[in-house]
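Colleague: upload_22.pdb is reproduced below (PDB, C-alpha atoms).
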```pdb
MODEL        1
ATOM      1  CA  MET A   1      95.480 106.833  93.258
ATOM      2  CA  GLY A   2      94.677 104.992  96.475
ATOM      3  CA  ARG A   3      97.244 103.337  98.705
ATOM      4  CA  LEU A   4      96.188  99.910  97.437
ATOM      5  CA  ALA A   5      95.727 100.728  93.773
ATOM      6  CA  GLU A   6      96.222  97.710  91.498
ATOM      7  CA  LYS A   7      96.348  95.313  94.459
ATOM      8  CA  VAL A   8      94.034  92.315  94.898
ATOM      9  CA  ALA A   9      92.852  91.634  98.445
ATOM     10  CA  ILE A  10      90.914  88.755 100.004
ATOM     11  CA  VAL A  11      89.002  89.454 103.223
ATOM     12  CA  THR A  12      87.549  86.464 105.054
ATOM     13  CA  GLY A  13      84.487  86.969 107.209
ATOM     14  CA  GLY A  14      83.835  90.061 105.138
ATOM     15  CA  GLY A  15      80.060  89.995 105.428
ATOM     16  CA  SER A  16      79.811  91.908 108.691
ATOM     17  CA  GLY A  17      81.598  93.778 111.447
ATOM     18  CA  ILE A  18      85.327  94.326 111.132
ATOM     19  CA  GLY A  19      85.497  92.282 107.930
ATOM     20  CA  LYS A  20      82.890  94.417 106.215
ATOM     21  CA  ALA A  21      84.563  97.652 107.310
ATOM     22  CA  THR A  22      87.918  96.314 106.124
ATOM     23  CA  ALA A  23      86.633  95.260 102.726
ATOM     24  CA  LYS A  24      85.105  98.705 102.290
ATOM     25  CA  LYS A  25      88.313 100.488 103.327
ATOM     26  CA  LEU A  26      90.520  98.421 101.037
ATOM     27  CA  ALA A  27      88.155  99.045  98.132
ATOM     28  CA  GLU A  28      88.169 102.783  98.850
ATOM     29  CA  GLU A  29      91.973 102.689  98.692
ATOM     30  CA  GLY A  30      91.875 101.155  95.222
ATOM     31  CA  ALA A  31      92.090  97.407  95.815
ATOM     32  CA  SER A  32      90.084  94.825  93.942
ATOM     33  CA  VAL A  33      88.425  93.065  96.873
ATOM     34  CA  VAL A  34      87.297  89.466  97.228
ATOM     35  CA  VAL A  35      84.880  89.108 100.138
ATOM     36  CA  THR A  36      84.428  85.619 101.568
ATOM     37  CA  ASP A  37      81.988  84.493 104.240
ATOM     38  CA  VAL A  38      79.871  81.507 105.283
ATOM     39  CA  ASN A  39      76.860  83.846 105.192
ATOM     40  CA  ALA A  40      76.208  84.198 101.470
ATOM     41  CA  ASN A  41      73.423  86.768 101.836
ATOM     42  CA  ALA A  42      75.607  89.071 103.931
ATOM     43  CA  GLY A  43      78.589  88.643 101.635
ATOM     44  CA  HIS A  44      76.628  89.378  98.477
ATOM     45  CA  ALA A  45      75.126  92.456 100.145
ATOM     46  CA  VAL A  46      78.582  93.832 100.918
ATOM     47  CA  VAL A  47      79.817  93.299  97.370
ATOM     48  CA  ASP A  48      76.654  94.881  95.974
ATOM     49  CA  GLU A  49      77.453  98.010  97.989
ATOM     50  CA  PHE A  50      80.889  98.274  96.379
ATOM     51  CA  GLY A  51      80.021  97.366  92.828
ATOM     52  CA  GLY A  52      82.869  97.564  90.355
ATOM     53  CA  SER A  53      85.325  94.685  90.471
ATOM     54  CA  ALA A  54      84.380  93.342  93.928
ATOM     55  CA  LEU A  55      83.712  89.609  94.108
ATOM     56  CA  PHE A  56      81.966  87.452  96.720
ATOM     57  CA  ILE A  57      82.881  83.796  97.267
ATOM     58  CA  SER A  58      81.070  81.564  99.745
ATOM     59  CA  HIS A  59      83.731  80.154 102.027
ATOM     60  CA  ASP A  60      84.149  77.985 105.119
ATOM     61  CA  VAL A  61      87.665  78.795 106.345
ATOM     62  CA  THR A  62      87.984  75.431 108.116
ATOM     63  CA  ASP A  63      87.769  73.535 104.802
ATOM     64  CA  GLU A  64      91.062  73.329 102.917
ATOM     65  CA  GLY A  65      89.305  72.475  99.672
ATOM     66  CA  GLU A  66      87.386  75.721  99.912
ATOM     67  CA  TRP A  67      90.607  77.667 100.417
ATOM     68  CA  GLU A  68      91.919  76.105  97.221
ATOM     69  CA  ARG A  69      88.718  77.135  95.440
ATOM     70  CA  VAL A  70      88.881  80.713  96.773
ATOM     71  CA  MET A  71      92.449  81.123  95.571
ATOM     72  CA  LYS A  72      91.669  79.620  92.175
ATOM     73  CA  GLU A  73      88.607  81.818  91.623
ATOM     74  CA  THR A  74      90.557  84.890  92.706
ATOM     75  CA  LEU A  75      93.451  84.091  90.409
ATOM     76  CA  ASP A  76      91.106  83.304  87.524
ATOM     77  CA  ARG A  77      89.319  86.635  87.994
ATOM     78  CA  PHE A  78      92.198  88.971  88.893
ATOM     79  CA  GLY A  79      95.399  87.117  88.020
ATOM     80  CA  LYS A  80      97.101  87.497  91.423
ATOM     81  CA  VAL A  81      96.699  87.830  95.187
ATOM     82  CA  ASP A  82      98.513  90.661  96.971
ATOM     83  CA  VAL A  83      96.747  90.822 100.332
ATOM     84  CA  LEU A  84      95.010  88.304 102.576
ATOM     85  CA  VAL A  85      93.123  89.480 105.649
ATOM     86  CA  ASN A  86      92.405  86.464 107.847
ATOM     87  CA  ASN A  87      89.481  88.066 109.662
ATOM     88  CA  ALA A  88      86.942  85.235 109.982
ATOM     89  CA  GLY A  89      86.577  84.132 113.585
ATOM     90  CA  ILE A  90      84.113  83.096 116.257
ATOM     91  CA  LEU A  91      83.790  83.889 119.938
ATOM     92  CA  GLY A  92      82.199  80.539 120.724
ATOM     93  CA  THR A  93      78.904  78.717 120.755
ATOM     94  CA  GLY A  94      77.663  80.107 124.053
ATOM     95  CA  ALA A  95      78.967  77.229 126.173
ATOM     96  CA  PRO A  96      80.967  78.075 129.320
ATOM     97  CA  GLN A  97      84.591  78.983 128.622
ATOM     98  CA  ASN A  98      86.066  79.130 132.108
ATOM     99  CA  PRO A  99      88.762  76.473 132.679
ATOM    100  CA  GLU A 100      86.654  74.521 135.165
ATOM    101  CA  ASP A 101      83.463  74.123 133.118
ATOM    102  CA  LEU A 102      84.542  74.297 129.484
ATOM    103  CA  SER A 103      83.990  71.387 127.142
ATOM    104  CA  LEU A 104      86.517  69.959 124.719
ATOM    105  CA  ASP A 105      83.933  70.291 121.940
ATOM    106  CA  GLU A 106      83.822  74.055 122.553
ATOM    107  CA  VAL A 107      87.611  74.305 122.502
ATOM    108  CA  ARG A 108      87.776  72.410 119.228
ATOM    109  CA  ALA A 109      84.978  74.406 117.605
ATOM    110  CA  ILE A 110      86.719  77.700 118.386
ATOM    111  CA  SER A 111      90.140  76.427 117.376
ATOM    112  CA  ARG A 112      88.923  75.090 114.025
ATOM    113  CA  VAL A 113      87.839  78.544 112.907
ATOM    114  CA  ASN A 114      90.225  80.853 114.757
ATOM    115  CA  VAL A 115      93.420  78.818 114.410
ATOM    116  CA  ASP A 116      92.995  76.212 111.679
ATOM    117  CA  GLY A 117      91.238  78.720 109.417
ATOM    118  CA  VAL A 118      94.053  81.247 109.791
ATOM    119  CA  LEU A 119      96.745  78.633 109.275
ATOM    120  CA  LEU A 120      95.081  77.368 106.102
ATOM    121  CA  GLY A 121      94.726  80.925 104.865
ATOM    122  CA  CYS A 122      98.427  81.576 105.395
ATOM    123  CA  LYS A 123      99.343  78.299 103.679
ATOM    124  CA  HIS A 124      97.411  79.030 100.529
ATOM    125  CA  ALA A 125      98.210  82.746 100.448
ATOM    126  CA  ILE A 126     101.919  81.938 100.536
ATOM    127  CA  LYS A 127     101.485  79.640  97.544
ATOM    128  CA  ALA A 128      99.658  82.398  95.652
ATOM    129  CA  MET A 129     101.974  85.269  96.662
ATOM    130  CA  LYS A 130     105.469  83.814  96.658
ATOM    131  CA  GLY A 131     106.190  84.723  93.065
ATOM    132  CA  HIS A 132     105.735  88.438  93.663
ATOM    133  CA  GLY A 133     105.337  89.081  97.398
ATOM    134  CA  GLY A 134     102.404  90.292  99.423
ATOM    135  CA  SER A 135     100.948  91.030 102.823
ATOM    136  CA  ILE A 136      99.068  88.707 105.184
ATOM    137  CA  VAL A 137      97.170  90.314 108.065
ATOM    138  CA  ASN A 138      95.847  88.007 110.765
ATOM    139  CA  LEU A 139      93.168  89.134 113.200
ATOM    140  CA  SER A 140      94.069  88.234 116.750
ATOM    141  CA  SER A 141      92.776  90.109 119.822
ATOM    142  CA  ILE A 142      93.976  91.698 123.019
ATOM    143  CA  ALA A 143      92.577  88.458 124.496
ATOM    144  CA  GLY A 144      95.604  86.809 122.905
ATOM    145  CA  ILE A 145      97.885  89.012 125.017
ATOM    146  CA  TYR A 146      96.232  89.332 128.424
ATOM    147  CA  ALA A 147      94.132  86.992 130.555
ATOM    148  CA  VAL A 148      90.357  86.701 130.078
ATOM    149  CA  PRO A 149      89.349  84.004 132.602
ATOM    150  CA  SER A 150      85.813  83.682 131.254
ATOM    151  CA  LEU A 151      86.986  83.216 127.643
ATOM    152  CA  VAL A 152      89.794  80.695 127.997
ATOM    153  CA  PRO A 153      89.509  78.830 124.651
ATOM    154  CA  TYR A 154      88.906  82.061 122.752
ATOM    155  CA  GLY A 155      91.949  83.714 124.316
ATOM    156  CA  ALA A 156      94.037  80.627 123.670
ATOM    157  CA  SER A 157      93.022  80.645 120.008
ATOM    158  CA  LYS A 158      93.975  84.296 119.621
ATOM    159  CA  GLY A 159      97.278  83.706 121.381
ATOM    160  CA  ALA A 160      97.927  80.959 118.854
ATOM    161  CA  VAL A 161      97.269  83.412 116.007
ATOM    162  CA  ARG A 162      99.786  85.809 117.556
ATOM    163  CA  GLN A 163     102.515  83.151 117.546
ATOM    164  CA  LEU A 164     101.531  81.666 114.196
ATOM    165  CA  THR A 165     101.856  85.104 112.611
ATOM    166  CA  LYS A 166     105.446  85.502 113.748
ATOM    167  CA  SER A 167     106.372  82.025 112.562
ATOM    168  CA  VAL A 168     104.852  82.653 109.132
ATOM    169  CA  ALA A 169     106.703  85.973 108.879
ATOM    170  CA  ALA A 170     109.994  84.290 109.761
ATOM    171  CA  TYR A 171     109.428  81.412 107.347
ATOM    172  CA  CYS A 172     108.602  83.688 104.430
ATOM    173  CA  GLY A 173     111.634  85.805 105.238
ATOM    174  CA  ASN A 174     113.906  82.770 105.331
ATOM    175  CA  GLN A 175     112.525  81.684 101.961
ATOM    176  CA  LYS A 176     113.034  85.184 100.467
ATOM    177  CA  TYR A 177     109.397  85.284  99.347
ATOM    178  CA  GLY A 178     108.833  88.977  99.981
ATOM    179  CA  ILE A 179     105.693  88.188 101.984
ATOM    180  CA  ARG A 180     105.043  90.110 105.198
ATOM    181  CA  CYS A 181     102.781  88.716 107.925
ATOM    182  CA  ASN A 182     101.475  90.794 110.830
ATOM    183  CA  SER A 183      98.720  90.486 113.424
ATOM    184  CA  VAL A 184      96.153  93.036 114.567
ATOM    185  CA  HIS A 185      94.849  92.905 118.134
ATOM    186  CA  PRO A 186      91.547  94.735 118.559
ATOM    187  CA  GLY A 187      90.175  95.736 121.914
ATOM    188  CA  ILE A 188      86.436  95.810 122.458
ATOM    189  CA  ILE A 189      84.816  96.850 119.201
ATOM    190  CA  GLU A 190      81.172  97.790 118.751
ATOM    191  CA  THR A 191      80.065  94.869 116.614
ATOM    192  CA  ALA A 192      77.709  91.951 117.158
ATOM    193  CA  MET A 193      80.671  89.942 118.472
ATOM    194  CA  GLY A 194      81.615  92.797 120.774
ATOM    195  CA  ASP A 195      78.103  92.745 122.225
ATOM    196  CA  THR A 196      78.460  89.019 122.824
ATOM    197  CA  VAL A 197      81.703  89.598 124.738
ATOM    198  CA  PHE A 198      79.851  91.761 127.237
ATOM    199  CA  ASN A 199      77.243  89.036 127.650
ATOM    200  CA  PHE A 200      79.968  86.457 128.306
ATOM    201  CA  VAL A 201      82.095  88.532 130.663
ATOM    202  CA  PHE A 202      79.625  90.617 132.698
ATOM    203  CA  ASP A 203      76.560  89.695 134.727
ATOM    204  CA  ASP A 204      75.163  93.128 133.794
ATOM    205  CA  PRO A 205      76.307  93.755 130.184
ATOM    206  CA  ASP A 206      75.130  97.392 130.085
ATOM    207  CA  LYS A 207      76.960  98.238 133.304
ATOM    208  CA  GLY A 208      80.005  96.360 132.061
ATOM    209  CA  ARG A 209      79.995  98.288 128.804
ATOM    210  CA  GLU A 210      80.022 101.617 130.634
ATOM    211  CA  GLU A 211      82.729 100.481 133.041
ATOM    212  CA  ARG A 212      84.886  99.335 130.148
ATOM    213  CA  ARG A 213      84.331 102.577 128.232
ATOM    214  CA  GLN A 214      85.432 104.625 131.218
ATOM    215  CA  ALA A 215      88.542 102.482 131.638
ATOM    216  CA  ILE A 216      89.755 103.053 128.072
ATOM    217  CA  PRO A 217      92.127 106.038 127.950
ATOM    218  CA  VAL A 218      90.679 107.459 124.728
ATOM    219  CA  GLY A 219      87.234 107.466 126.364
ATOM    220  CA  ARG A 220      85.253 105.336 123.937
ATOM    221  CA  LEU A 221      84.785 101.822 122.627
ATOM    222  CA  GLY A 222      86.292 100.945 119.264
ATOM    223  CA  GLN A 223      84.535 101.061 115.916
ATOM    224  CA  PRO A 224      85.069  98.579 113.068
ATOM    225  CA  GLU A 225      86.625 101.383 111.041
ATOM    226  CA  ASP A 226      89.374 101.787 113.661
ATOM    227  CA  ILE A 227      90.512  98.243 112.937
ATOM    228  CA  ALA A 228      89.995  98.577 109.190
ATOM    229  CA  ASN A 229      92.342 101.567 109.141
ATOM    230  CA  ALA A 230      95.062  99.585 110.899
ATOM    231  CA  ILE A 231      94.626  96.634 108.548
ATOM    232  CA  CYS A 232      94.788  98.922 105.527
ATOM    233  CA  TYR A 233      98.112 100.305 106.728
ATOM    234  CA  LEU A 234      99.601  96.831 107.167
ATOM    235  CA  ALA A 235      98.281  95.761 103.766
ATOM    236  CA  SER A 236      99.831  98.754 102.033
ATOM    237  CA  ASP A 237     103.391  99.370 100.891
ATOM    238  CA  GLU A 238     103.639 102.025 103.622
ATOM    239  CA  ALA A 239     104.192  99.122 106.025
ATOM    240  CA  GLY A 240     106.933  97.604 103.880
ATOM    241  CA  PHE A 241     109.317  97.405 106.860
ATOM    242  CA  VAL A 242     106.706  96.068 109.299
ATOM    243  CA  ASN A 243     106.856  92.302 109.583
ATOM    244  CA  GLY A 244     106.037  89.814 112.324
ATOM    245  CA  ALA A 245     104.589  92.650 114.374
ATOM    246  CA  GLU A 246     101.508  92.774 116.572
ATOM    247  CA  LEU A 247      99.524  95.981 116.220
ATOM    248  CA  VAL A 248      97.306  96.600 119.250
ATOM    249  CA  VAL A 249      94.259  98.754 118.489
ATOM    250  CA  ASP A 250      92.433  99.055 121.791
ATOM    251  CA  GLY A 251      92.292 102.730 122.727
ATOM    252  CA  GLY A 252      94.988 102.121 125.331
ATOM    253  CA  GLN A 253      93.150  99.449 127.314
ATOM    254  CA  LEU A 254      96.243  97.284 127.801
ATOM    255  CA  ILE A 255      98.304 100.109 129.306
ATOM    256  CA  GLN A 256      95.924 100.491 132.244
TER     257      GLN A 256
ENDMDL
END
```
What do you get writing this file as C-alpha cells?
Modeller:
Amino acid sequence: MGRLAEKVAIVTGGGSGIGKATAKKLAEEGASVVVTDVNANAGHAVVDEFGGSALFISHDVTDEGEWERVMKETLDRFGKVDVLVNNAGILGTGAPQNPEDLSLDEVRAISRVNVDGVLLGCKHAIKAMKGHGGSIVNLSSIAGIYAVPSLVPYGASKGAVRQLTKSVAAYCGNQKYGIRCNSVHPGIIETAMGDTVFNFVFDDPDKGREERRQAIPVGRLGQPEDIANAICYLASDEAGFVNGAELVVDGGQLIQ
C-alpha cells in the first residue's frame, strides 16, 4: 500500500514540470489523481501515461466557475477530495519586472494566476474537505522569502502565497476542519520555467546557470522530482502534525 492509498488528489498545472512530476509521484503512492491544466494536450498526455483512475480536467485557475466545475467533476468521479496541490503558476509575460520599469498589467497578470488562483483553490478545497479533513499544498518559491530585484511582481506573488497559506491553516484550525495547509518553496528547478528564470535574471544565462549551481551547497540544480517528493510528504498522513509550515527545497541556497 502506498502512502496515499485511497486518497483523491487534485494537482493544478499538472501538464508539465513540477506539476507533472507531482501527479506522477502521488499516483505512484496510491492516490487517484486529477490533473488540471490550461494546456489540454499536455494534461491528457500526462493522464494517458498513468492510466488507471487518473482524470484530466481543463482548468483556468483564475476562473472561479472553473474551480466549481473541477470540484464537482472530481466529487462525481471519486466521491471526495483529500489533497489539493496548488501548483499552477506563471513567471510572467516577458515584460520587465524591476520596480522602475514594470507595468501594472504585468503585476496583475502574475497576481491573477499566482495569488488569485491559489486563493480560489483553497476556498473550494476547504468546502470539499471540511467534512473529513485533508491537505492543501501551495507552491510558493524561495523568491517569496528573499529579494529578487529583477522579478519583483513574481516575488511579491510568491510572498503572498506564503502568507495566505498560514492564514488558511489558522482558519481551518479555528474551525476544527481537520484541514492542513502548507507551502513549498522551490529553489531553481530544471524545468522550462527554471530556464526562463535564468533568461530574466542573467545577461548570460549559461554562465548564470553554472554560477548558481556552484553556489548551491548540494552541488546541483533541483529536479522536479525533488519538489514532488516534498509535496508527497506534506500530502500524506506522515505530515499530520505539519501545518502552516513553509518547506524550503533549494539545495541549501538560502543558507549561503
Colleague: Would you please work out which residue, of A:Ile110, A:Ala88, A:Leu247, A:Ile255, is nearest to Asn229 (chain A) when using all atoms listed in the file?
Modeller: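 Ranking A:Ile110, A:Ala88, A:Leu247, A:Ile255 by distance to Asn229 (chain A), first place goes to A:Leu247.
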Colleague: With a distance cut-off of 6 Å and all atoms listed in the file, select the neighbouring residues of Val35 (chain A), excluding the residue or stretch itself and same-chain residues fewer than 3 positions from it, and output the selection as an NGL selection string.
Modeller: :A and (11 or 14 or 56)
Colleague: Evaluate the PyMOL selection byres ((chain A and resi 5) around 8) here and jot the selected residues down as a ChimeraX atom specification.
Modeller: /A:1-4,6-7,29-31
Colleague: What does the structure give for the distance between CA of Val85 (chain A) and CA of Phe198 (chain A), in Å to one decimal?
Modeller: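 Between CA of Val85 (chain A) and CA of Phe198 (chain A) the gap works out to 25.4 Å.
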Colleague: Please provide the set of residues having any atom within 9 Å of Gly121 (chain A), restricted to only C-alpha atoms, with same-chain residues fewer than 5 positions apart removed, written as a list in words.
Modeller: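 Final neighbour list, sorted by chain and number: Val61, Glu64, Trp67, Leu84, Val85, Asn86, Asp116, Ile126 and Ile136 of chain A.
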Colleague: Residue by residue, what does the PyMOL selection byres ((chain A and resi 21-24) around 9) grab here? Present the result as JSON, numbers by chain.
Modeller: {"A": [9, 10, 11, 14, 15, 16, 17, 18, 19, 20, 25, 26, 27, 28, 29, 33, 34, 35, 46, 47, 49, 50, 85, 224, 225, 226, 227, 228, 229, 231, 232]}
Colleague: Neighbouring residues of His59 (chain A) were defined as those with any atom within 9 Å, considering only C-alpha atoms; residues of the same chain fewer than 3 positions away were excluded. Please report them as JSON, numbers by chain.
Modeller: {"A": [12, 13, 36, 37, 38, 39, 40, 62, 63, 66, 67, 69, 70]}
Colleague: Could you tell me which residues the PyMOL selection byres ((chain A and resi 220) around 12) grabs in this file, written as an MDAnalysis selection string?
Modeller: chainID A and resid 187:190 209:219 221:223 226 250:253
Colleague: Using only C-alpha atoms for the distances, tell me which of A:Pro96, A:Gly173, A:Gly178, A:Gly144 is nearest to Gly159 (chain A).
Modeller: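 Of A:Pro96, A:Gly173, A:Gly178, A:Gly144, the one nearest Gly159 (chain A), counting only C-alpha atoms, is A:Gly144.
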Colleague: Which residue, A:Ala169, A:Val152, A:Met129, A:Ala147, has the smallest gap to Gly79 (chain A) when you use all atoms listed in the file?
Modeller: A:Met129
Colleague: Would you pick out the contacts of Glu100 (chain A) at 12 Å or less, using all atoms listed in the file, so that residues sharing its chain but fewer than 2 positions from it are not included, and give the list as a PyMOL selection string?
Modeller: chain A and resi 96-98+102-104+149-153
Colleague: In Å, rounded to a single decimal, give me how far CA of Ile142 (chain A) is from CA of Pro186 (chain A).
Modeller: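 These atoms are spaced 5.9 Å apart.
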Colleague: Work out how far CA of Lys158 (chain A) is from CA of His185 (chain A), in Å to one decimal.
Modeller: 8.8 Å
Colleague: Given the choices A:Ala95, A:Ile90, A:Lys80, A:Asn174, which gets closest to His132 (chain A) if the distance is worked out from only C-alpha atoms?
Modeller: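 Looking only at the distances to His132 (chain A), the closest residue turns out to be A:Lys80.
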Colleague: Counting all atoms listed in the file, figure out which residue out of A:His44, A:Arg180, A:Arg112, A:Lys127 gets nearest to Lys72 (chain A).
Modeller: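 Of A:His44, A:Arg180, A:Arg112, A:Lys127, the one nearest Lys72 (chain A), counting all atoms listed in the file, is A:Lys127.
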Colleague: Nearest residue to Lys123 (chain A) out of A:Ala143, A:Cys172, A:Asp195, A:Gly89, using all atoms listed in the file?
Modeller: A:Cys172
Colleague: Which residues of region 42-155 of chain A come within 12 Å of region 238-242 of chain A, and what is each one's closest atom pair and distance in Å (one decimal), counting all atoms listed in the file, sorted by chain and residue number, as CSV?
Modeller:
```
residue,atom,partner,partner_atom,distance
A:Gly133,CA,A:Gly240,CA,10.8
A:Gly134,CA,A:Gly240,CA,9.7
A:Ser135,CA,A:Gly240,CA,9.0
A:Ile136,CA,A:Val242,CA,11.4
A:Val137,CA,A:Val242,CA,11.2
```
Colleague: Hey, could you patch up region 83-110 of chain A with N, CA and C atoms and hand it over as a tab-separated table (two decimals), in the coordinates of the input?
Modeller:
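Listing of selection_19.tsv after writing:
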```tsv
chain	number	residue	atom	x	y	z
A	83	VAL	N	97.07	90.62	98.91
A	83	VAL	CA	96.75	90.82	100.33
A	83	VAL	C	95.76	89.75	100.77
A	84	LEU	N	96.01	89.15	101.93
A	84	LEU	CA	95.01	88.30	102.58
A	84	LEU	C	94.77	88.84	103.97
A	85	VAL	N	93.51	89.10	104.29
A	85	VAL	CA	93.12	89.48	105.65
A	85	VAL	C	92.37	88.30	106.25
A	86	ASN	N	93.02	87.59	107.16
A	86	ASN	CA	92.40	86.46	107.85
A	86	ASN	C	91.57	87.01	109.00
A	87	ASN	N	90.35	87.43	108.68
A	87	ASN	CA	89.48	88.07	109.66
A	87	ASN	C	88.45	87.11	110.26
A	88	ALA	N	88.02	86.11	109.51
A	88	ALA	CA	86.94	85.24	109.98
A	88	ALA	C	87.29	84.62	111.33
A	89	GLY	N	86.34	84.69	112.25
A	89	GLY	CA	86.58	84.13	113.58
A	89	GLY	C	85.27	84.03	114.35
A	90	ILE	N	85.29	83.23	115.41
A	90	ILE	CA	84.11	83.10	116.26
A	90	ILE	C	84.51	83.28	117.71
A	91	LEU	N	83.57	83.76	118.50
A	91	LEU	CA	83.79	83.89	119.94
A	91	LEU	C	83.54	82.57	120.64
A	92	GLY	N	82.56	81.82	120.14
A	92	GLY	CA	82.20	80.54	120.72
A	92	GLY	C	80.74	80.23	120.45
A	93	THR	N	80.28	79.15	120.99
A	93	THR	CA	78.90	78.72	120.76
A	93	THR	C	77.95	79.14	121.85
A	94	GLY	N	78.49	79.73	122.91
A	94	GLY	CA	77.66	80.11	124.05
A	94	GLY	C	77.88	79.20	125.25
A	95	ALA	N	78.65	78.13	125.07
A	95	ALA	CA	78.97	77.23	126.17
A	95	ALA	C	79.97	77.90	127.12
A	96	PRO	N	80.01	77.49	128.38
A	96	PRO	CA	80.97	78.08	129.32
A	96	PRO	C	82.40	77.95	128.82
A	97	GLN	N	83.20	79.00	129.07
A	97	GLN	CA	84.59	78.98	128.62
A	97	GLN	C	85.57	79.16	129.77
A	98	ASN	N	85.10	79.08	131.01
A	98	ASN	CA	86.07	79.13	132.11
A	98	ASN	C	86.76	77.77	132.19
A	99	PRO	N	87.97	77.71	132.75
A	99	PRO	CA	88.76	76.47	132.68
A	99	PRO	C	88.18	75.31	133.47
A	100	GLU	N	87.23	75.59	134.36
A	100	GLU	CA	86.65	74.52	135.16
A	100	GLU	C	85.47	73.85	134.49
A	101	ASP	N	84.71	74.63	133.69
A	101	ASP	CA	83.46	74.12	133.12
A	101	ASP	C	83.47	73.94	131.61
A	102	LEU	N	84.54	74.36	130.94
A	102	LEU	CA	84.54	74.30	129.48
A	102	LEU	C	84.50	72.86	129.00
A	103	SER	N	84.02	72.71	127.77
A	103	SER	CA	83.99	71.39	127.14
A	103	SER	C	85.02	71.32	126.03
A	104	LEU	N	85.53	70.13	125.79
A	104	LEU	CA	86.52	69.96	124.72
A	104	LEU	C	85.89	70.26	123.36
A	105	ASP	N	84.60	69.98	123.20
A	105	ASP	CA	83.93	70.29	121.94
A	105	ASP	C	83.97	71.80	121.67
A	106	GLU	N	83.78	72.60	122.72
A	106	GLU	CA	83.82	74.06	122.55
A	106	GLU	C	85.22	74.51	122.17
A	107	VAL	N	86.22	73.96	122.83
A	107	VAL	CA	87.61	74.31	122.50
A	107	VAL	C	87.90	74.00	121.04
A	108	ARG	N	87.49	72.82	120.61
A	108	ARG	CA	87.78	72.41	119.23
A	108	ARG	C	87.02	73.24	118.21
A	109	ALA	N	85.77	73.59	118.52
A	109	ALA	CA	84.98	74.41	117.60
A	109	ALA	C	85.62	75.78	117.39
A	110	ILE	N	86.08	76.38	118.48
A	110	ILE	CA	86.72	77.70	118.39
A	110	ILE	C	88.04	77.59	117.64
```
